[in-house]
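In what follows, a single structure is set out as structure tokens and then discussed.
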Amino acid sequence: MSTLVQPQRHESFLVHRRFLYLWMALILSVSSVVAYVWLEPVRGNEGGTWLGYTLGTIATLLIAWLMLLGLRKRIYSKGAYSLKAWVSAHVYLGLATAVIATLHAAFQVGWNIHTLAYVLMMVVIISGIFGIVAYARIPRRMTYNRQSRSLAEMAKLCAEIDQECGAIALPLGDRFVEAVRMAQQETRLGGSTWRILRARDPRDGTEQALARLRKLATETHGPDARAVSSLMVALGRKQSLLQTMRRDLRLKALMDLWLLVHVPLSFALLAALTAHIVVVFFYWG
Amino acid sequence: MTGPIKVAIIGSGPAGLSAGARAAAKGVSHVVLEREPRFAETIQRYQRGKFVMATPDILPLRSDLEFAANTRETILGIWDRQLGEQHIEIRYGSPVRAIKGRRGAFTIELEQGGTIEAENVVLAIGVQGNIRKLAVPGADQPWVQYQLDDPDAYEEENIVVVGAGDAAIENAIALTAKNKVTIVNRGNEFAKAKLGNQTAIEKAEAAKAITVARNAQPVRIEGNKIVLKVPEGEREVPVDRIIARLGAIPPKDFLASCGVMFPKEDSTGFPELSTTYETNVPGLYAIGALAGYPLIKHCMNQGFEVIETIAGTPVKPADEPLLEERLQGLPGRPSVEEALAAIKSGVPLLSALTTLQLREFLLDSETRVALAGETILTHDAKGDSLFLILSGAVRIEVVDRRGRDRTVVRGAGEFFGELGLVAGRRRAETVRAMADTVLIELSRRSAVKLLASVASARAYFDKITIVRQLQDDVLPELTEEDLAGVIEKATIERLPAGKVLIQEGAQDRFVFMIRSGSAVVSQKGPGGASSIVNYVPSGELVGEIALLRDVPRTATITTAIETEVVRLDGEEFSRLLDLRPDLREKIEEAAQKRQLEGVRSGQDGVKGRLTDFFVEEGLGEATNALLIDDSLCIRCDNCETACAESHGGIARMDRDAGSTFAMIHIPTACRHCEHPHCMTECPPDAIHRSEANGEVWIDDTCIGCGACQQNCPYGVIRLSYAAPKKSSLLMWLLFGRGSGPGEVKAHVEHGHSARKVATKCDLCKDIKGGPACVRACPTGAAIRVRPHNYLQHFGERSG
């Protein structure tokens with residue numbers, strides 16, 4: 001990744017430098033397939049042929065390099081590197097690894113450590129594909145949902161609404177004050193992964209407060225009715241803000257969900273791969 | 001006292017104290033008269049713990065009192081001790097009513113009665129003047145005050161602030177945190193105040209944090225009530241404390257009453273002084289801020305020098321050896337005095353300066369001789385100084401905006417290099433000496449100060465630069481004589497953002513040249529709705545189409561940001577074009593090109609609206625902005641983390657904040673404005689703009705005063721403590737030492753020495769590879785670009 005000119009326009013990691021890494025991955029995969037077909041491997045110990053060793057070595061090196069992305073991402077060094085270029089290469093060379101490793105295994109499976117390594121690798125790659133899809137689709141949805149407001153702004157708005165509601169409720173009496181207190185103190189964002197992904201809280205304070213207010217509103221007449229209705233309007237606004245924020249958290253969680261598979265399993269893959277190599281060299285022949 | 005004293009010193013600021021100290025040291029009979037009950041009132045009123053600078057660093061201090069950069073408390077403490085040790089005669093609480101007489105026989109009348117006879121008088125009263133008092137019955141209460149030291153000192157009080165200036169607004173808003181505040185404005189608007197304060201008061205009023213009484217005047221104070229006269233009648237406001245910020249009576253009037261004269265052509269308000277600080281009244285001297293020198297070190301040196309002069313042992317000014325050094329490049333080795341006279345008569349830009357001012361400006365400059373044929377400046381070189389030609393001549397080669405080479409000759413008395421001065425950019429010209437040429441090179445800071453403080457220099461500079469800009473950008477090959485008619489009627493106008501220059505359909509015939517800033521062109525579409533079709537950067541001519549075709553205005557042109565334009569008279573301009581048909585053709589061609597461009601971008605709806613969005617967000621004045629493609633942004637905040645990791649643990653951007661349109665998100669991060677708002681006010685001069693990439697950055701002499709933060713309209717400057725030092729990745733990984741990548745630990749306990757300093761994006765100027773945020777973006781969502789370039793290429797396929 002030599003000197004990079006500062007990019008002057010937006011260009012996705014997928015199209016980085018006119019698909020440079022896609023082309024590299026294609027060349028690598030196609031030449032592997034050609035070599036595999038050309039050399040017509042003998043059925044049996046394909047991994048043990050010279051082509052098998054070559055493909056295995058390439059796949060191992062690729063996996064080691066692919067895993068370095070995690071480190072590269074966290075070393076904020078000087079120098080003309082571009083993380084986007086790394087990600088672009090990671091994606092395409094990662095996909096190529098599936099082809100190369102499959103050829104290395106010569107389509108053989110069994111209940112052993114070798115196949116475990118292969119399966120783990122495929123799961124990691126498939127989760128990665130999920131990641132690409134998520135990255136391609138979800139950012140837009142997050143932007144539409146947010147409508148140019150930041151989470152901090154929305155949280156601040158909610159706090160302001162709470163304050164406003166407190167002031168309106170005070171002269172209306174204890175039952176209203178209690179409802180508003182519930183909206184203020186028993187509204188939570190986030191929590192368990194499950195709750196985040198559901199994007200709603202069954203015991204949400206604001207929702208409960210609104211339900212109570214609705215009931216109270218039918219019993220309120222005269223000059224207080226106007227205050228009650230403005231209270232409802234304010235809480236309704238808060239509710240829709242909360243909805244937006246929860247949707248935002250949900251989308252962010254969805255976008256990152258694949259990483260929960262991708263990252264731990266790639267470490268498992270590293271372990272299995274090591275075992276696979278050790279077994280092959282020490283116990284095979 | 002028997003007989004007159006040798007010298008009476010009015011005012012006990014740094015200048016007056018230093019004069020008193022010198023008089024005491026020399027055994028000259030003296031008295032220092034101070035209006036307030038304590039010395040150095042202005043410095044006493046600085047906020048607690050304020051760090052006082054001792055600029056200019058190169059100037060040696062010459063005083064019997066010590067002074068070096070330190071906190072307000074330390075400096076005042078040292079002076080307090082030295083005043084006692086050195087037996088300086090000070091009379092506190094003695095305001096002066098009038099000064100009469102001349103050398104040898106001055107009579108000083110004091111406010112509280114009594115007179116003092118003195119042979120000489122030194123005025124060191126500063127520029128604050130006498131504070132205007134609230135002149136209503138009942139205003140003599142102790143809780144009616146004219147300053148606010150510490151807003152946190154008052155709680156749960158009813159406070160009325162009287163006044164509509166910056167001081168009144170700032171005090172009032174600071175008090176709202178813990179008190180019920182009413183601000184009383186004689187008028188309807190707060191037009192006198194800075195824009196930031198106007199917005200602040202509007203916001204506070206909207207949030208009901210403050211009550212604003214408009215068109216209101218205090219009538220009397222009764223018990224714990226202040227009575228206001230309002231259009232509806234009288235209104236009572238309960239009050240525990242009144243803070244009146246009504247400004248001051250300028251000392252100019254006092255000086256005039258003493259018979260002091262002021263230079264006629266200038267409105268700066270400083271008296272005409274001899275090189276020994278003597279006014280036109282013999283024996284009456286003026287020093288310090290009153291003489292135009294607000295810096296403490298200048299004041300103290302002048303106090304010293306003026307007493308030496310009065311005692312008959314005149315000394316050369318403290319800056320004399322420095323000036324000698326500066327002027328040693330002049331041929332024939334003239335004395336400082338001769339050199340100053342030659343410069344004053346030979347360089348029109350400096351001719352209106354007083355000798356004292358000239359000395360100060362030259363301190364920050366270099367003189368040199370360029371031999372015939374020598375290259376003085378090269379195109380694209382760094383540098384932003386202004387060159388004045390004392391004798392000789394230079395040949396200047398410029399490539400104008402249309403890519404043509406042009407050569408101009410500048411002779412004695414003229415200046416060059418002003419392009420760097422105006423825009424702070426790299427040199428646009430190559431300059432060679434045609435004969436042996438004597439040059440004065442004025443630093444940018446000095447040149448800017450010169451233009452800001454001397455009105456006649458500004459007018460001269462403006463006139464010359466309009467001619468040059470017209471020649472460079474618009475009408476090359478025209479001589480100054482050709483342009484004389486146009487220049488005669490040209491006016492320079494500085495306009496705020498959003499001002500309409502030209503209204504579609506109007507019949508006027510002015511032509512405008514945009515000097516700095518930018519404008520947007522909008523046109524009514526078929527449905528009658530107006531949409532933006534073009535963006536005009538500085539250096540362009542607008543409004544010429546109506547003139548060329550003799551039609552009503554075809555589009556509306558509005559300033560996008562604060563913009564400086566030259567308004568040219570249409571008739572004079574057509575006369576010029578009639579004179580030169582070839583020019584008419586060229587201008588016609590440029591106008592057509594712009595019209596076509598406008599039509600094209602008018603067709604592209606998104607691009608037009610995106611331009612609109614950029615302009616609204618203030619990107620019109622940005623030279624380098626962080627733009628995030630929201631459809632690519634995976635909200636990982638790696639940009640922010642990388643920023644923090646590259647800048648000592650403190651991120652200088654906020655990705656999540658900011659507006660979005662058409663998937664383009666403008667996060668809160670410095671845009672490196674063309675004319676940075678932050679740079680307008682920085683006491684230690686710690687904010688710089690680099691010539692190389694135009695980045696605006698803050699160096700480590702920042703004193704944390706927060707002025708830049710307040711002046712930045714985009715909220716990109718933060719005041720923060722330094723983050724704790726980070727351990728290496730390996731140490732964190734293996735031993736859990738320090739914080740991990742991107743983790744920011746709450747800052748550790750700071751000692752007393754810790755100060756918050758201003759931090760902002762510096763475009764990673766010292767980091768190889770450029771902005772860390774861009775390099776660390778995994779998906780290509782974050783880029784840093786010049787918005788104008790981005791829009792030009794918007795919609796094109798990447799390649």
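Going by the structure tokens order, chains are called A, B, ..., each with residues numbered from 1, while ligands are numbered from 1 in the order shown.
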
Interface list for chain B, partner chain A, 9 Å threshold, only C-alpha atoms, as a ChimeraX atom specification = /B:627-635,638,641-643,645-646,656-661,663,665,729,741-742,767-772,774-786,789-790,793-794,798-799

Just asking: which residues within segment 29-269 of chain B are alpha helix (DSSP H) according to DSSP, as a PyMOL selection string?
chain B and resi 41-44+72-85+166-175+195-206+251-257

If you count only C-alpha atoms, the residue of B:Ile131, B:Ile464, B:Val565, B:Val281 closest to Ala484 of chain B turns out to be B:Ile464

- request: Write out as a ChimeraX atom specification the residues lying within 7 Å of Glu366 of chain B, counting only C-alpha atoms and excluding same-chain residues fewer than 6 positions away.
  value: /B:326,440-442

Quick one: distance from atom CA of Ala118 of chain B to atom CA of Phe106 of chain B in Å, one decimal?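 Calculated distance between atom CA of Ala118 of chain B and atom CA of Phe106 of chain B is 5.1 Å.
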
### Message
Would you pick out the contacts of Met300 of chain B at 6 Å or less, using only C-alpha atoms, so that residues sharing its chain but fewer than 4 positions from it are not included, and give the list as a PyMOL selection string?
### Response
chain B and resi 14-15+18

Just the selected residues (all heavy atoms), exported as a JSON list (two decimals), in the first residue's frame, please.
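Output file selection_15.json is given in full below:
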```json
[["chain", "number", "residue", "atom", "x", "y", "z"],
["B", 14, "PRO", "N", 0.63, 50.16, 34.44],
["B", 14, "PRO", "CA", 2.03, 49.82, 34.23],
["B", 14, "PRO", "C", 2.87, 51.02, 33.81],
["B", 14, "PRO", "O", 3.99, 51.19, 34.30],
["B", 14, "PRO", "CB", 1.97, 48.80, 33.09],
["B", 14, "PRO", "CG", 0.62, 48.20, 33.19],
["B", 14, "PRO", "CD", -0.28, 49.26, 33.72],
["B", 15, "ALA", "N", 2.32, 51.90, 32.94],
["B", 15, "ALA", "CA", 3.09, 53.05, 32.48],
["B", 15, "ALA", "C", 3.32, 54.04, 33.62],
["B", 15, "ALA", "O", 4.45, 54.48, 33.87],
["B", 15, "ALA", "CB", 2.35, 53.73, 31.32],
["B", 18, "SER", "N", 5.62, 52.64, 36.38],
["B", 18, "SER", "CA", 7.01, 52.57, 35.95],
["B", 18, "SER", "C", 7.62, 53.97, 35.96],
["B", 18, "SER", "O", 8.77, 54.16, 36.38],
["B", 18, "SER", "CB", 7.08, 51.96, 34.55],
["B", 18, "SER", "OG", 8.40, 51.87, 34.12]]
```

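Residue nearest Thr623 of chain B within the list B:Pro537, B:Gly49, B:Pro684, B:Pro321: B:Pro537 [criterion: smallest interatomic distance, only C-alpha atoms].
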
### Computed interatomic separation between atom CA of Thr668 of chain B and atom CA of Ile201 of chain B (Å)
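So the answer is 23.7 Å.
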
For Met53 of chain B, find every residue with an atom within 12 Å (counting only C-alpha atoms), except residues of its own chain fewer than 4 positions away, and show them as a PDB file with all heavy atoms, in the first residue's frame.
```pdb
ATOM      1  N   ILE B  43      -5.624  45.778  35.313  1.00  0.00           N
ATOM      2  CA  ILE B  43      -5.084  44.430  35.536  1.00  0.00           C
ATOM      3  C   ILE B  43      -5.751  43.794  36.760  1.00  0.00           C
ATOM      4  O   ILE B  43      -6.044  42.600  36.762  1.00  0.00           O
ATOM      5  CB  ILE B  43      -3.545  44.493  35.697  1.00  0.00           C
ATOM      6  CG1 ILE B  43      -2.933  45.031  34.398  1.00  0.00           C
ATOM      7  CG2 ILE B  43      -2.973  43.121  36.030  1.00  0.00           C
ATOM      8  CD1 ILE B  43      -1.448  45.189  34.418  1.00  0.00           C
ATOM      9  N   ASP B  57       8.322  39.649  22.718  1.00  0.00           N
ATOM     10  CA  ASP B  57       9.428  38.991  23.407  1.00  0.00           C
ATOM     11  C   ASP B  57      10.782  39.637  23.116  1.00  0.00           C
ATOM     12  O   ASP B  57      11.665  39.648  23.962  1.00  0.00           O
ATOM     13  CB  ASP B  57       9.490  37.522  22.988  1.00  0.00           C
ATOM     14  CG  ASP B  57       8.257  36.779  23.467  1.00  0.00           C
ATOM     15  OD1 ASP B  57       7.721  37.176  24.524  1.00  0.00           O
ATOM     16  OD2 ASP B  57       7.836  35.821  22.808  1.00  0.00           O
ATOM     17  N   PHE B  67       8.837  42.749  35.636  1.00  0.00           N
ATOM     18  CA  PHE B  67       7.682  42.261  34.882  1.00  0.00           C
ATOM     19  C   PHE B  67       8.099  41.129  33.955  1.00  0.00           C
ATOM     20  O   PHE B  67       9.050  41.260  33.194  1.00  0.00           O
ATOM     21  CB  PHE B  67       7.046  43.381  34.058  1.00  0.00           C
ATOM     22  CG  PHE B  67       5.954  42.910  33.141  1.00  0.00           C
ATOM     23  CD1 PHE B  67       4.809  42.324  33.671  1.00  0.00           C
ATOM     24  CD2 PHE B  67       6.070  43.007  31.763  1.00  0.00           C
ATOM     25  CE1 PHE B  67       3.802  41.855  32.840  1.00  0.00           C
ATOM     26  CE2 PHE B  67       5.062  42.555  30.926  1.00  0.00           C
ATOM     27  CZ  PHE B  67       3.930  41.975  31.469  1.00  0.00           C
ATOM     28  N   ALA B  68       7.434  40.021  34.087  1.00  0.00           N
ATOM     29  CA  ALA B  68       7.626  38.894  33.166  1.00  0.00           C
ATOM     30  C   ALA B  68       6.297  38.176  33.072  1.00  0.00           C
ATOM     31  O   ALA B  68       5.425  38.353  33.922  1.00  0.00           O
ATOM     32  CB  ALA B  68       8.702  37.949  33.688  1.00  0.00           C
ATOM     33  N   ALA B  69       6.119  37.381  32.029  1.00  0.00           N
ATOM     34  CA  ALA B  69       4.861  36.665  31.841  1.00  0.00           C
ATOM     35  C   ALA B  69       4.555  35.838  33.078  1.00  0.00           C
ATOM     36  O   ALA B  69       5.399  35.076  33.547  1.00  0.00           O
ATOM     37  CB  ALA B  69       4.950  35.762  30.615  1.00  0.00           C
ATOM     38  N   ASN B  70       3.365  36.016  33.625  1.00  0.00           N
ATOM     39  CA  ASN B  70       2.985  35.262  34.810  1.00  0.00           C
ATOM     40  C   ASN B  70       1.494  35.450  35.054  1.00  0.00           C
ATOM     41  O   ASN B  70       0.815  36.111  34.285  1.00  0.00           O
ATOM     42  CB  ASN B  70       3.788  35.749  36.016  1.00  0.00           C
ATOM     43  CG  ASN B  70       4.047  34.605  36.983  1.00  0.00           C
ATOM     44  OD1 ASN B  70       3.174  33.774  37.193  1.00  0.00           O
ATOM     45  ND2 ASN B  70       5.240  34.562  37.526  1.00  0.00           N
ATOM     46  N   THR B  71       1.001  34.904  36.161  1.00  0.00           N
ATOM     47  CA  THR B  71      -0.413  35.103  36.450  1.00  0.00           C
ATOM     48  C   THR B  71      -0.622  36.509  36.988  1.00  0.00           C
ATOM     49  O   THR B  71       0.294  37.147  37.500  1.00  0.00           O
ATOM     50  CB  THR B  71      -0.905  34.118  37.517  1.00  0.00           C
ATOM     51  OG1 THR B  71      -0.104  34.292  38.681  1.00  0.00           O
ATOM     52  CG2 THR B  71      -0.798  32.692  37.038  1.00  0.00           C
ATOM     53  N   ARG B  72      -1.844  36.959  36.865  1.00  0.00           N
ATOM     54  CA  ARG B  72      -2.227  38.295  37.334  1.00  0.00           C
ATOM     55  C   ARG B  72      -1.830  38.478  38.792  1.00  0.00           C
ATOM     56  O   ARG B  72      -1.248  39.499  39.168  1.00  0.00           O
ATOM     57  CB  ARG B  72      -3.743  38.422  37.138  1.00  0.00           C
ATOM     58  CG  ARG B  72      -4.444  39.408  38.009  1.00  0.00           C
ATOM     59  CD  ARG B  72      -5.960  39.181  37.864  1.00  0.00           C
ATOM     60  NE  ARG B  72      -6.752  39.996  38.766  1.00  0.00           N
ATOM     61  CZ  ARG B  72      -7.086  39.634  40.003  1.00  0.00           C
ATOM     62  NH1 ARG B  72      -6.661  38.494  40.487  1.00  0.00           N
ATOM     63  NH2 ARG B  72      -7.840  40.413  40.739  1.00  0.00           N
ATOM     64  N   ILE B  75       2.042  38.934  39.359  1.00  0.00           N
ATOM     65  CA  ILE B  75       2.529  40.227  38.881  1.00  0.00           C
ATOM     66  C   ILE B  75       2.104  41.341  39.834  1.00  0.00           C
ATOM     67  O   ILE B  75       2.916  42.165  40.255  1.00  0.00           O
ATOM     68  CB  ILE B  75       2.005  40.480  37.452  1.00  0.00           C
ATOM     69  CG1 ILE B  75       2.687  39.505  36.504  1.00  0.00           C
ATOM     70  CG2 ILE B  75       2.265  41.918  37.030  1.00  0.00           C
ATOM     71  CD1 ILE B  75       2.069  39.444  35.137  1.00  0.00           C
ATOM     72  N   PRO B 294      -0.864  49.421  23.743  1.00  0.00           N
ATOM     73  CA  PRO B 294      -1.595  48.680  24.768  1.00  0.00           C
ATOM     74  C   PRO B 294      -0.755  47.610  25.474  1.00  0.00           C
ATOM     75  O   PRO B 294      -1.174  47.089  26.488  1.00  0.00           O
ATOM     76  CB  PRO B 294      -2.737  48.033  23.980  1.00  0.00           C
ATOM     77  CG  PRO B 294      -2.226  47.933  22.589  1.00  0.00           C
ATOM     78  CD  PRO B 294      -1.242  49.038  22.395  1.00  0.00           C
ATOM     79  N   LEU B 295       0.421  47.282  24.968  1.00  0.00           N
ATOM     80  CA  LEU B 295       1.176  46.196  25.586  1.00  0.00           C
ATOM     81  C   LEU B 295       1.903  46.686  26.843  1.00  0.00           C
ATOM     82  O   LEU B 295       2.482  47.765  26.866  1.00  0.00           O
ATOM     83  CB  LEU B 295       2.188  45.622  24.595  1.00  0.00           C
ATOM     84  CG  LEU B 295       1.557  44.971  23.376  1.00  0.00           C
ATOM     85  CD1 LEU B 295       2.624  44.561  22.377  1.00  0.00           C
ATOM     86  CD2 LEU B 295       0.717  43.772  23.780  1.00  0.00           C
ATOM     87  N   ILE B 296       1.870  45.845  27.869  1.00  0.00           N
ATOM     88  CA  ILE B 296       2.395  46.243  29.184  1.00  0.00           C
ATOM     89  C   ILE B 296       3.870  46.636  29.101  1.00  0.00           C
ATOM     90  O   ILE B 296       4.307  47.611  29.686  1.00  0.00           O
ATOM     91  CB  ILE B 296       2.170  45.092  30.183  1.00  0.00           C
ATOM     92  CG1 ILE B 296       0.667  44.896  30.396  1.00  0.00           C
ATOM     93  CG2 ILE B 296       2.867  45.373  31.507  1.00  0.00           C
ATOM     94  CD1 ILE B 296       0.305  43.721  31.270  1.00  0.00           C
ATOM     95  N   LYS B 297       4.623  45.867  28.324  1.00  0.00           N
ATOM     96  CA  LYS B 297       6.060  46.122  28.287  1.00  0.00           C
ATOM     97  C   LYS B 297       6.357  47.489  27.650  1.00  0.00           C
ATOM     98  O   LYS B 297       7.195  48.242  28.151  1.00  0.00           O
ATOM     99  CB  LYS B 297       6.752  45.004  27.509  1.00  0.00           C
ATOM    100  CG  LYS B 297       8.160  44.745  27.995  1.00  0.00           C
ATOM    101  CD  LYS B 297       8.888  43.869  27.030  1.00  0.00           C
ATOM    102  CE  LYS B 297       8.910  42.430  27.467  1.00  0.00           C
ATOM    103  NZ  LYS B 297       9.602  41.590  26.472  1.00  0.00           N
ATOM    104  N   CYS B 682      -6.935  36.088  19.308  1.00  0.00           N
ATOM    105  CA  CYS B 682      -6.129  35.110  20.025  1.00  0.00           C
ATOM    106  C   CYS B 682      -5.017  35.886  20.719  1.00  0.00           C
ATOM    107  O   CYS B 682      -4.043  36.274  20.081  1.00  0.00           O
ATOM    108  CB  CYS B 682      -5.553  34.064  19.072  1.00  0.00           C
ATOM    109  SG  CYS B 682      -4.458  32.901  19.920  1.00  0.00           S
ATOM    110  N   PRO B 683      -5.180  36.145  22.010  1.00  0.00           N
ATOM    111  CA  PRO B 683      -4.217  37.025  22.699  1.00  0.00           C
ATOM    112  C   PRO B 683      -2.757  36.596  22.517  1.00  0.00           C
ATOM    113  O   PRO B 683      -1.919  37.441  22.234  1.00  0.00           O
ATOM    114  CB  PRO B 683      -4.669  36.969  24.156  1.00  0.00           C
ATOM    115  CG  PRO B 683      -6.104  36.606  24.098  1.00  0.00           C
ATOM    116  CD  PRO B 683      -6.277  35.745  22.893  1.00  0.00           C
ATOM    117  N   PRO B 684      -2.401  35.308  22.671  1.00  0.00           N
ATOM    118  CA  PRO B 684      -0.980  34.987  22.490  1.00  0.00           C
ATOM    119  C   PRO B 684      -0.610  34.746  21.031  1.00  0.00           C
ATOM    120  O   PRO B 684       0.516  34.337  20.757  1.00  0.00           O
ATOM    121  CB  PRO B 684      -0.812  33.716  23.310  1.00  0.00           C
ATOM    122  CG  PRO B 684      -2.141  33.072  23.292  1.00  0.00           C
ATOM    123  CD  PRO B 684      -3.176  34.136  23.128  1.00  0.00           C
ATOM    124  N   ASP B 685      -1.548  34.964  20.106  1.00  0.00           N
ATOM    125  CA  ASP B 685      -1.274  34.746  18.693  1.00  0.00           C
ATOM    126  C   ASP B 685      -0.821  33.304  18.443  1.00  0.00           C
ATOM    127  O   ASP B 685       0.185  33.056  17.792  1.00  0.00           O
ATOM    128  CB  ASP B 685      -0.189  35.729  18.221  1.00  0.00           C
ATOM    129  CG  ASP B 685      -0.273  35.970  16.727  1.00  0.00           C
ATOM    130  OD1 ASP B 685      -1.292  35.583  16.139  1.00  0.00           O
ATOM    131  OD2 ASP B 685       0.667  36.526  16.164  1.00  0.00           O
ATOM    132  N   THR B 701       1.457  27.607  22.657  1.00  0.00           N
ATOM    133  CA  THR B 701       1.481  28.788  23.512  1.00  0.00           C
ATOM    134  C   THR B 701       0.059  29.180  23.909  1.00  0.00           C
ATOM    135  O   THR B 701      -0.143  30.201  24.556  1.00  0.00           O
ATOM    136  CB  THR B 701       2.148  29.992  22.814  1.00  0.00           C
ATOM    137  OG1 THR B 701       1.384  30.301  21.643  1.00  0.00           O
ATOM    138  CG2 THR B 701       3.572  29.687  22.422  1.00  0.00           C
ATOM    139  N   CYS B 702      -0.910  28.355  23.537  1.00  0.00           N
ATOM    140  CA  CYS B 702      -2.312  28.623  23.882  1.00  0.00           C
ATOM    141  C   CYS B 702      -2.438  28.813  25.390  1.00  0.00           C
ATOM    142  O   CYS B 702      -1.868  28.058  26.167  1.00  0.00           O
ATOM    143  CB  CYS B 702      -3.194  27.468  23.431  1.00  0.00           C
ATOM    144  SG  CYS B 702      -4.889  27.588  24.015  1.00  0.00           S
ATOM    145  N   ILE B 703      -3.201  29.852  25.790  1.00  0.00           N
ATOM    146  CA  ILE B 703      -3.362  30.108  27.214  1.00  0.00           C
ATOM    147  C   ILE B 703      -4.733  29.666  27.704  1.00  0.00           C
ATOM    148  O   ILE B 703      -5.086  29.874  28.855  1.00  0.00           O
ATOM    149  CB  ILE B 703      -3.141  31.608  27.540  1.00  0.00           C
ATOM    150  CG1 ILE B 703      -4.057  32.471  26.672  1.00  0.00           C
ATOM    151  CG2 ILE B 703      -1.681  31.987  27.350  1.00  0.00           C
ATOM    152  CD1 ILE B 703      -4.057  33.935  27.050  1.00  0.00           C
TER     153      ILE B 703
END
```

Legend entry - Minimum-distance residue to Gln507 of chain B, chosen among B:Glu397, B:Glu234, B:Glu477, B:Asp550 (using only C-alpha atoms):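 The answer is B:Asp550, which sits nearest to Gln507 of chain B.
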
Subject >> Spatial neighbours of segment 268-280 of chain B, 7 Å, only C-alpha atoms, chain gap at least 4 places, as a PyMOL selection string >> reply: chain B and resi 252+260-263+284-287+290-292+306+355-356+453

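Straight-line separation from atom CA of Ile9 of chain B to atom CA of Val31 of chain B: 6.1 Å.
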